[in-house]
Amino acid sequence: KVFFAMKFSKPFKNYGRKRYEKVEYNGFYRKFNENENFPEFAGRQIRAYFDFDTNENEQILVKFALSNTSTNGALKNLEAEIPHWDFDKIKRESEAKWEKELSKIEVETLTENDKRTFYTSLYHTMMSPILYQDVDGKYLDIDQNIHNAKDYTNYTIFSLWDTYRALHPLYNIIQPKRNNDFIKSMLSHARHSVHKALPIWSHYANENWCMIGYHSVSVLADAVAKNSTDADLKTMLNASITSSNLKYYDGIGDYLKYGY
């Protein structure tokens with residue numbers, strides 16, 4: 001589920017939508033003109049438009065926010081994250097945040113191109129997991145219910161088959177607080193899962209069940225070994241044991257039979 005909120009820097013005079021999907025039957029909606037100033041949009045292939053009275057070279061600014069809980073959540077996120085219309089300020093703040101994160105590692109290279117490649121790759125390591133909660137801590141979890149992250153920040157997109165070997169160990173060095181939040185997000189997934197298992201490849205309150213193994217356990221164990229998590233040890237252990245004994249994991253039969 002994705003909800004959004006949008007605000008314009010000046011009022012629009014008309015709005016509407018164009019539906020590109022061919023619909024054979026549209027129920028009683030057939031009696032409405034949905035293309036012009038109708039307050040509901042629905043469909044799988046639709047495009048919205050907004051008409052403004054503008055002067056020559058006038059620019060219209062748009063603010064946009066997402067939520068995985070509600071339209072009210074999206075509005076709260078919008079007001080909290082961008083309460084003003086200063087685009088240049090947002091640009092400066094974003095640049096400063098990235099400069100801070102990328103400066104956690106300093107390298108000397110033989111060529112400028114090598115340095116550019118290194119920092120581009122470091123930037124790529126921070127593309128996911130992504131923040132997955134509203135400003136008030138509410139988020140949608142694997143049980144499709146709304147919960148509240150009280151002592152951590154909730155994240156999603158755990159491509160653990162790809163990331164447990166190197167990415168999360170790197171996080172433990174340069175992003176220990178964030179990796180601690182990742183672990184607590186995984187534990188929330190396990191707590192609300194009908195399987196009571198840690199994520200395999202979780203994606204926006206869904207489990208993709210992609211690849212074999214249970215690599216969340218390695219992420220938890222590495223954080224414990226490096227003393228970079230304050231998550232409850234017993235909770236982590238129980239979730240790890242449950243995850244390692246689910247008989248319907250791909251390839252789990254040989255693991256349980258032979259111990260490797």
# chains A, B, ... in the order shown; residues from 1 in each chain; ligands from 1
>>> select_by_dssp(residues="segment 60-130 of chain A", states="strand (DSSP E)", output="list in words")
Val62, Lys63, Phe64, Ala65, Leu66, Ser67 and Ile130 of chain A
>>> residues_around(residues="Pro83 of chain A", least_positions_apart="3", cutoff="12 Å", atoms="only C-alpha atoms", output="JSON, numbers by chain")
{"A": [7, 9, 63, 64, 65, 75, 76, 77, 78, 79, 80, 86, 87, 89, 90]}
>>> write_last_selection(atoms="C-alpha atoms", output="PDB file, in the first residue's frame")
ATOM      1  CA  LYS A   7       0.562  20.480  -2.390  1.00  0.00           C
ATOM      2  CA  SER A   9       2.494  26.684  -4.451  1.00  0.00           C
ATOM      3  CA  LYS A  63       5.530  19.227  -2.733  1.00  0.00           C
ATOM      4  CA  PHE A  64       4.944  15.495  -2.551  1.00  0.00           C
ATOM      5  CA  ALA A  65       5.045  12.999   0.317  1.00  0.00           C
ATOM      6  CA  LEU A  75       0.046  14.918   4.986  1.00  0.00           C
ATOM      7  CA  LYS A  76       1.841  14.789   8.342  1.00  0.00           C
ATOM      8  CA  ASN A  77       5.038  13.686   6.619  1.00  0.00           C
ATOM      9  CA  LEU A  78       4.711  16.512   4.108  1.00  0.00           C
ATOM     10  CA  GLU A  79       4.260  19.194   6.773  1.00  0.00           C
ATOM     11  CA  ALA A  80       7.057  17.821   8.963  1.00  0.00           C
ATOM     12  CA  ASP A  86      12.434  27.028  -0.390  1.00  0.00           C
ATOM     13  CA  PHE A  87      13.722  24.584  -3.032  1.00  0.00           C
ATOM     14  CA  LYS A  89      17.270  25.184   0.999  1.00  0.00           C
ATOM     15  CA  ILE A  90      16.155  21.582   0.428  1.00  0.00           C
TER      16      ILE A  90
END
>>> closest_atom_pairs(of="segment 147-216 of chain A", to="segment 120-130 of chain A", cutoff="10 Å", atoms="only C-alpha atoms", output="Markdown table")
| residue | atom | partner | partner_atom | distance |
| --- | --- | --- | --- | --- |
| A:Asn154 | CA | A:Ile130 | CA | 8.6 |
| A:Tyr155 | CA | A:Ile130 | CA | 5.4 |
| A:Thr156 | CA | A:Pro129 | CA | 5.5 |
| A:Ile157 | CA | A:Pro129 | CA | 4.9 |
| A:Phe158 | CA | A:Pro129 | CA | 5.9 |
| A:Ser159 | CA | A:Pro129 | CA | 8.2 |
| A:Thr163 | CA | A:Thr125 | CA | 9.5 |
| A:Leu167 | CA | A:Thr125 | CA | 7.0 |
| A:His168 | CA | A:Thr125 | CA | 9.6 |
| A:Leu170 | CA | A:Thr125 | CA | 9.1 |
| A:Tyr171 | CA | A:Thr125 | CA | 9.0 |
| A:Gln175 | CA | A:Met126 | CA | 9.7 |
| A:Arg178 | CA | A:Pro129 | CA | 9.7 |
| A:Asn179 | CA | A:Pro129 | CA | 9.6 |
| A:Phe182 | CA | A:Pro129 | CA | 7.8 |
| A:Ser202 | CA | A:Pro129 | CA | 9.9 |
| A:His203 | CA | A:Pro129 | CA | 9.3 |
| A:Tyr204 | CA | A:Ile130 | CA | 9.5 |
>>> residues_around(residues="Phe38 of chain A", least_positions_apart="2", cutoff="10 Å", atoms="only C-alpha atoms", output="PyMOL selection string")
chain A and resi 14-17+32-36+40-41
>>> write_last_selection(atoms="C-alpha atoms", output="compact mmCIF listing (two decimals), in the first residue's frame")
# COMPACT_ATOMS: atom_id res chain seq x y z
CA ASN A 14 -9.52 22.93 -12.58
CA TYR A 15 -8.42 19.34 -12.36
CA GLY A 16 -9.28 16.02 -13.90
CA ARG A 17 -8.00 12.71 -15.09
CA PHE A 32 -20.51 10.86 -13.80
CA ASN A 33 -18.10 12.95 -15.82
CA GLU A 34 -14.94 11.69 -14.15
CA ASN A 35 -12.67 13.64 -16.48
CA GLU A 36 -13.35 17.09 -15.06
CA GLU A 40 -12.48 10.60 -6.99
CA PHE A 41 -9.86 8.93 -9.18
>>> select_by_dssp(residues="segment 25-180 of chain A", states="helix (DSSP H, G or I)", output="ChimeraX atom specification")
/A:27-31,71-81,87-102,112-124,160-163,167-174,176-180
>>> residues_around(residues="Asn227 of chain A", least_positions_apart="6", cutoff="10 Å", atoms="only C-alpha atoms", output="list of chain:residue names")
A:Asn172, A:Pro176, A:Ala221
>>> closest_atom_pairs(of="segment 1-86 of chain A", to="segment 138-153 of chain A", cutoff="10 Å", atoms="only C-alpha atoms", output="Markdown table")
| residue | atom | partner | partner_atom | distance |
| --- | --- | --- | --- | --- |
| A:Lys1 | CA | A:Leu140 | CA | 8.5 |
| A:Ser67 | CA | A:Tyr139 | CA | 8.3 |
| A:Asn68 | CA | A:Leu140 | CA | 6.1 |
| A:Thr69 | CA | A:Tyr139 | CA | 6.0 |
| A:Ser70 | CA | A:Tyr139 | CA | 9.6 |
| A:Gly73 | CA | A:Lys138 | CA | 8.3 |
>>> closest_residue(among="A:Lys234, A:Lys18, A:His84, A:Lys226", to="Leu187 of chain A", atoms="only C-alpha atoms")
A:Lys234
>>> closest_residue(among="A:Ala223, A:Val217, A:Leu110, A:Ala205", to="Asn245 of chain A", atoms="only C-alpha atoms")
A:Val217
>>> atom_distance(atom1="atom CA of His189 of chain A", atom2="atom CA of Asn72 of chain A")
23.9 Å
